[in-house]
Amino acid sequence: MDRSHRPLERHALNDGPLAAGEVVDGRYRIDAQVGRGGMGVVYRGTDLTLRRAVAIKVLQARGGGSDTIKRFMREAQALAQVEHRGLVPVYAVGRAGDLYYMVMKFIEGQTLSQILKTDAPLAPARLIPILVDVCGALQALHMAGLVHRDMKPANVMVGADGRVTVMDLGIVAEAGEAELSLNAIGTPRYMAPEMLSAAEVDGRADVYSLGVIAYHALTGAVPFDGPTAMAVLFKHAHEPFEPIRQRAPGVPRALAAAVERALAKEPGDRFASAAELAVALQGTLGGRSPLPWVLGGLAVVGLAVGAWLALRSPEAPRPDAALPPLILDAAVQPDAAPVDAAPVDAAPPPPDAAPATKPPKPPPQRPGTDRPPPDRPVVVDAGTVSIRVLSTPLGATVKEGGTTLGTTPFTLERPASNRTLVLSFSKAGYDDATARVSLARDGMVRAKLPSGFELVP
């Protein structure tokens with residue numbers, strides 16, 4: 001590390017490990033301290049090679065303990081694995097002497113915490129776009145099998161151009177990972193109840209934290225507070241929160257209902273994903289969810305097109321023909337196929353005439369399908385399942401029985417069955433791994449490949 005600096009920049013940053021003007025690894029100059037996270041200090045710096053502003057995050061203490069270094073590297077790996085406009089790009093990670101550092105894109109703006117100190121409560125029209133953008137970044141993390149675990153207003157950056165970025169992934173963890181250290185699991189005022197126990201956590205823990213952020217922004221206060229961390233955590237786990245509209249009667253009912261659902265104590269009672277929460281939040285802006293509106297519009301268009309095609313088809317049934325009943329259960333079949341009535345003026349058959357042979361009934365139709373011509377077989381779709389295939393790290397090649405299926409992350413679609421696939425994962429520099437996945441229902445499979453090298457020397 002080059003410690004030479006100009007006289008103008010000789011003042012020290014007493015509360016951080018670096019001084020203004022110091023140059024890390026001969027390339028990154030420290031300009032000013034701009035923030036402090038749970039385990040690191042963030043500086044605004046300059047990349048002397050590319051001549052651009054950067055953010056430089058370093059550990060709080062030089063030569064931090066193994067747990068601190070592990071969490072620091074976990075953040076770097078998480079940001080490197082997932083690319084999303086709402087996550088900070090990482091330019092470099094390294095070690096200079098006893099100092100670990102991470103170089104990221106520098107983002108001008110204010111944290112949501114800073115905004116709430118002066119502007120809370122926020123109007124829904126201002127808050128919802130911020131929350132929706134955060135949902136997008138979290139969904140990208142969750143699809144990669146990661147959980148942020150420390151969502152709070154201080155980790156949401158609103159740029160000067162309005163762009164929203166999720167910051168500080170220092171305690172990000174793989175979905176399902178349990179961690180009991182209070183110093184490493186998050187911020188109590190915004191923490192999901194399940195994070196206090198050894199229970200496995202998934203993306204719904206971040207959904208809960210985002211619900212707390214929304215509650216804070218709409219009412220001006222967090223739902224639970226107390227004199228100690230344990231007192232706050234106990235309230236999250238066991239006490240009901242005061243309804244939003246009791247604290248802030250002007251909040252629209254639909255918005256309050258969406259936020260309160262995100263705050264359900266049981267993960268299964270919350271929104272299933274950050275994407276689902278985003279749809280609900282967007283729908284409250286106009287009093288109606290956009291997703292049902294879009295689906296309804298598509299349904300109307302589909303019915304119109306179907307009617308037009310039916311009128312043009314030579315095999316279309318007569319307008320007065322009876323329609324088959326709507327079948328909600330595929331195991332229930334119509335009682336009988338519609339039969340055309342005989343013409344009114346048709347002469348009755350002579351008494352001694354042989355009874356006419358009735359034409360065979362056409363096969364029962366699946367709901368929502370047109371009747372095929374008699375010589376065309378009916379094709380029944382057995383249904384498919386979608387399996388999200390992930391790995392740690394991402395970028396692993398996945399094979400089944402010697403056949404390459406893709407590179408993680410990707411979605412595997414197969415006909416639904418009782419089969420179990422055995423997938424093999426491989427990536428240069430890592431040991432191979434295998435995983436099993438059932439084709440009985442939609443799901444996710446993730447393999448962890450042991451590393452064959454250290455990211456930081």
# chains A, B, ... in the order shown; residues from 1 in each chain; ligands from 1
>>> residues_around(residues="range 386-398 of chain A", least_positions_apart="2", cutoff="6 Å", atoms="only C-alpha atoms", output="list in words")
Thr404, Leu405, Gly406, Thr407, Thr408, Pro409, Phe410, Thr411, Leu412, Glu413, Ser424, Phe425, Ser426, Lys427, Asp442, Gly443, Met444, Val445, Arg446, Ala447 and Lys448 of chain A
>>> closest_atom_pairs(of="range 142-242 of chain A", to="range 273-284 of chain A", cutoff="8 Å", atoms="only C-alpha atoms", output="Markdown table")
| residue | atom | partner | partner_atom | distance |
| --- | --- | --- | --- | --- |
| A:Gly203 | CA | A:Ser273 | CA | 6.6 |
| A:Arg204 | CA | A:Ser273 | CA | 6.3 |
| A:Asp206 | CA | A:Ala274 | CA | 7.9 |
| A:Val207 | CA | A:Ala274 | CA | 6.0 |
>>> write_last_selection(atoms="C-alpha atoms", output="short mmCIF file (atom, residue, chain, number, x, y, z; two decimals), in the first residue's frame")
data_model
loop_
_atom_site.label_atom_id
_atom_site.label_comp_id
_atom_site.auth_asym_id
_atom_site.auth_seq_id
_atom_site.Cartn_x
_atom_site.Cartn_y
_atom_site.Cartn_z
CA GLY A 203 -36.58 -14.90 0.81
CA ARG A 204 -39.73 -14.40 2.86
CA ASP A 206 -36.52 -10.23 3.40
CA VAL A 207 -40.21 -9.72 2.53
#
>>> residues_around(residues="Leu112 in chain A", least_positions_apart="5", cutoff="8 Å", atoms="only C-alpha atoms", output="list in words")
Pro153, Ala154, Asn155, Val156, Met157 and Val158 of chain A
>>> residues_around(residues="range 238-248 of chain A", least_positions_apart="2", cutoff="10 Å", atoms="only C-alpha atoms", output="JSON, numbers by chain")
{"A": [121, 193, 215, 216, 218, 219, 220, 221, 222, 223, 224, 232, 233, 234, 235, 236, 250, 251, 252, 253, 255, 256, 257, 259, 260, 263, 264, 265]}
>>> write_last_selection(atoms="C-alpha atoms", output="short mmCIF file (atom, residue, chain, number, x, y, z; two decimals), in the first residue's frame")
data_model
loop_
_atom_site.label_atom_id
_atom_site.label_comp_id
_atom_site.auth_asym_id
_atom_site.auth_seq_id
_atom_site.Cartn_x
_atom_site.Cartn_y
_atom_site.Cartn_z
CA PRO A 121 -44.03 9.72 6.81
CA PRO A 193 -39.18 -13.53 13.66
CA TYR A 215 -44.55 0.44 7.97
CA HIS A 216 -41.85 2.84 9.17
CA LEU A 218 -45.90 5.21 6.16
CA THR A 219 -46.33 5.84 9.89
CA GLY A 220 -43.06 7.46 10.92
CA ALA A 221 -42.21 4.68 13.40
CA VAL A 222 -41.22 1.03 13.36
CA PRO A 223 -43.89 -1.48 14.47
CA PHE A 224 -41.75 -2.79 17.36
CA VAL A 232 -37.45 -5.96 20.25
CA LEU A 233 -36.93 -9.48 18.91
CA PHE A 234 -39.41 -10.88 21.44
CA LYS A 235 -42.06 -8.43 20.21
CA HIS A 236 -41.43 -9.41 16.58
CA GLY A 250 -54.68 8.49 5.58
CA VAL A 251 -52.89 5.39 4.28
CA PRO A 252 -55.05 3.66 1.60
CA ARG A 253 -56.66 0.45 2.85
CA LEU A 255 -51.68 -0.45 0.75
CA ALA A 256 -52.06 -1.03 4.50
CA ALA A 257 -53.38 -4.54 3.84
CA VAL A 259 -47.84 -4.16 4.09
CA GLU A 260 -49.56 -5.93 6.98
CA LEU A 263 -45.57 -8.48 8.32
CA ALA A 264 -47.23 -11.81 9.10
CA LYS A 265 -45.26 -13.66 11.77
#
>>> select_by_dssp(residues="range 79-116 of chain A", states="strand (DSSP E)", output="number ranges by chain")
A: 90-96, 99-105, 109-111
>>> write_last_selection(atoms="N, CA and C atoms", output="mmCIF file, in the first residue's frame")
data_model
loop_
_atom_site.group_PDB
_atom_site.id
_atom_site.type_symbol
_atom_site.label_atom_id
_atom_site.label_comp_id
_atom_site.auth_asym_id
_atom_site.auth_seq_id
_atom_site.Cartn_x
_atom_site.Cartn_y
_atom_site.Cartn_z
ATOM 1 N N VAL A 90 -19.531 -4.862 -8.332
ATOM 2 C CA VAL A 90 -18.220 -4.957 -7.684
ATOM 3 C C VAL A 90 -17.146 -4.910 -8.759
ATOM 4 N N TYR A 91 -16.162 -4.031 -8.578
ATOM 5 C CA TYR A 91 -15.072 -3.906 -9.534
ATOM 6 C C TYR A 91 -13.851 -4.744 -9.136
ATOM 7 N N ALA A 92 -13.570 -4.827 -7.842
ATOM 8 C CA ALA A 92 -12.375 -5.548 -7.404
ATOM 9 C C ALA A 92 -12.513 -5.914 -5.939
ATOM 10 N N VAL A 93 -11.873 -7.009 -5.571
ATOM 11 C CA VAL A 93 -11.793 -7.457 -4.181
ATOM 12 C C VAL A 93 -10.361 -7.909 -3.946
ATOM 13 N N GLY A 94 -9.793 -7.563 -2.813
ATOM 14 C CA GLY A 94 -8.414 -7.975 -2.580
ATOM 15 C C GLY A 94 -7.949 -7.720 -1.177
ATOM 16 N N ARG A 95 -6.678 -7.935 -1.000
ATOM 17 C CA ARG A 95 -6.036 -7.769 0.298
ATOM 18 C C ARG A 95 -4.702 -7.083 0.088
ATOM 19 N N ALA A 96 -4.472 -6.050 0.867
ATOM 20 C CA ALA A 96 -3.198 -5.343 0.840
ATOM 21 C C ALA A 96 -2.631 -5.348 2.251
ATOM 22 N N LEU A 99 -5.046 -5.534 5.339
ATOM 23 C CA LEU A 99 -6.292 -4.823 5.028
ATOM 24 C C LEU A 99 -7.053 -5.539 3.912
ATOM 25 N N TYR A 100 -8.319 -5.880 4.193
ATOM 26 C CA TYR A 100 -9.199 -6.453 3.163
ATOM 27 C C TYR A 100 -10.073 -5.330 2.613
ATOM 28 N N TYR A 101 -10.245 -5.297 1.292
ATOM 29 C CA TYR A 101 -11.016 -4.205 0.705
ATOM 30 C C TYR A 101 -11.864 -4.711 -0.457
ATOM 31 N N MET A 102 -12.896 -3.934 -0.747
ATOM 32 C CA MET A 102 -13.785 -4.210 -1.870
ATOM 33 C C MET A 102 -14.044 -2.890 -2.597
ATOM 34 N N VAL A 103 -13.877 -2.884 -3.908
ATOM 35 C CA VAL A 103 -14.087 -1.682 -4.709
ATOM 36 C C VAL A 103 -15.383 -1.843 -5.506
ATOM 37 N N MET A 104 -16.271 -0.875 -5.349
ATOM 38 C CA MET A 104 -17.589 -0.939 -5.983
ATOM 39 C C MET A 104 -17.891 0.360 -6.718
ATOM 40 N N LYS A 105 -18.970 0.332 -7.476
ATOM 41 C CA LYS A 105 -19.438 1.543 -8.129
ATOM 42 C C LYS A 105 -19.871 2.549 -7.070
ATOM 43 N N GLY A 109 -26.255 9.913 -3.754
ATOM 44 C CA GLY A 109 -27.652 9.928 -3.343
ATOM 45 C C GLY A 109 -27.801 9.922 -1.844
ATOM 46 N N GLN A 110 -29.019 9.571 -1.404
ATOM 47 C CA GLN A 110 -29.341 9.487 0.002
ATOM 48 C C GLN A 110 -29.855 8.100 0.337
ATOM 49 N N THR A 111 -29.555 7.644 1.543
ATOM 50 C CA THR A 111 -30.170 6.404 1.976
ATOM 51 C C THR A 111 -31.609 6.695 2.376
#
>>> residues_around(residues="Val422 in chain A", least_positions_apart="4", cutoff="7 Å", atoms="only C-alpha atoms", output="JSON list (two decimals) with N, CA and C atoms, in the first residue's frame")
[["chain", "number", "residue", "atom", "x", "y", "z"],
["A", 400, "GLU", "N", -27.32, -34.52, -16.92],
["A", 400, "GLU", "CA", -28.12, -35.65, -16.47],
["A", 400, "GLU", "C", -27.78, -36.83, -17.36],
["A", 434, "THR", "N", -23.46, -33.44, -6.81],
["A", 434, "THR", "CA", -24.68, -34.00, -7.38],
["A", 434, "THR", "C", -25.87, -33.59, -6.52],
["A", 435, "ALA", "N", -27.04, -33.64, -7.14],
["A", 435, "ALA", "CA", -28.28, -33.32, -6.41],
["A", 435, "ALA", "C", -29.42, -34.06, -7.07],
["A", 436, "ARG", "N", -30.42, -34.39, -6.27],
["A", 436, "ARG", "CA", -31.62, -35.07, -6.76],
["A", 436, "ARG", "C", -32.79, -34.11, -6.77],
["A", 437, "VAL", "N", -33.67, -34.27, -7.75],
["A", 437, "VAL", "CA", -34.86, -33.43, -7.84],
["A", 437, "VAL", "C", -36.02, -34.26, -8.34]]
>>> atom_distance(atom1="CA of Leu423 in chain A", atom2="CA of His142 in chain A")
21.2 Å
>>> select_by_dssp(residues="range 23-72 of chain A", states="helix (DSSP H, G or I)", output="tab-separated table (two decimals) with C-alpha atoms, in the first residue's frame")
chain	number	residue	atom	x	y	z
A	66	SER	CA	-12.10	-15.24	10.52
A	67	ASP	CA	-15.88	-14.77	10.90
A	68	THR	CA	-15.65	-11.12	9.87
A	69	ILE	CA	-13.51	-11.93	6.87
A	70	LYS	CA	-15.88	-14.75	5.89
A	71	ARG	CA	-18.85	-12.37	5.95
A	72	PHE	CA	-16.91	-9.74	4.02
>>> closest_residue(among="A:Val88, A:Ala217, A:Asp133, A:Asp119", to="Asp168 in chain A", atoms="only C-alpha atoms")
A:Val88
>>> atom_distance(atom1="CA of Arg44 in chain A", atom2="CA of Ser209 in chain A")
28.1 Å
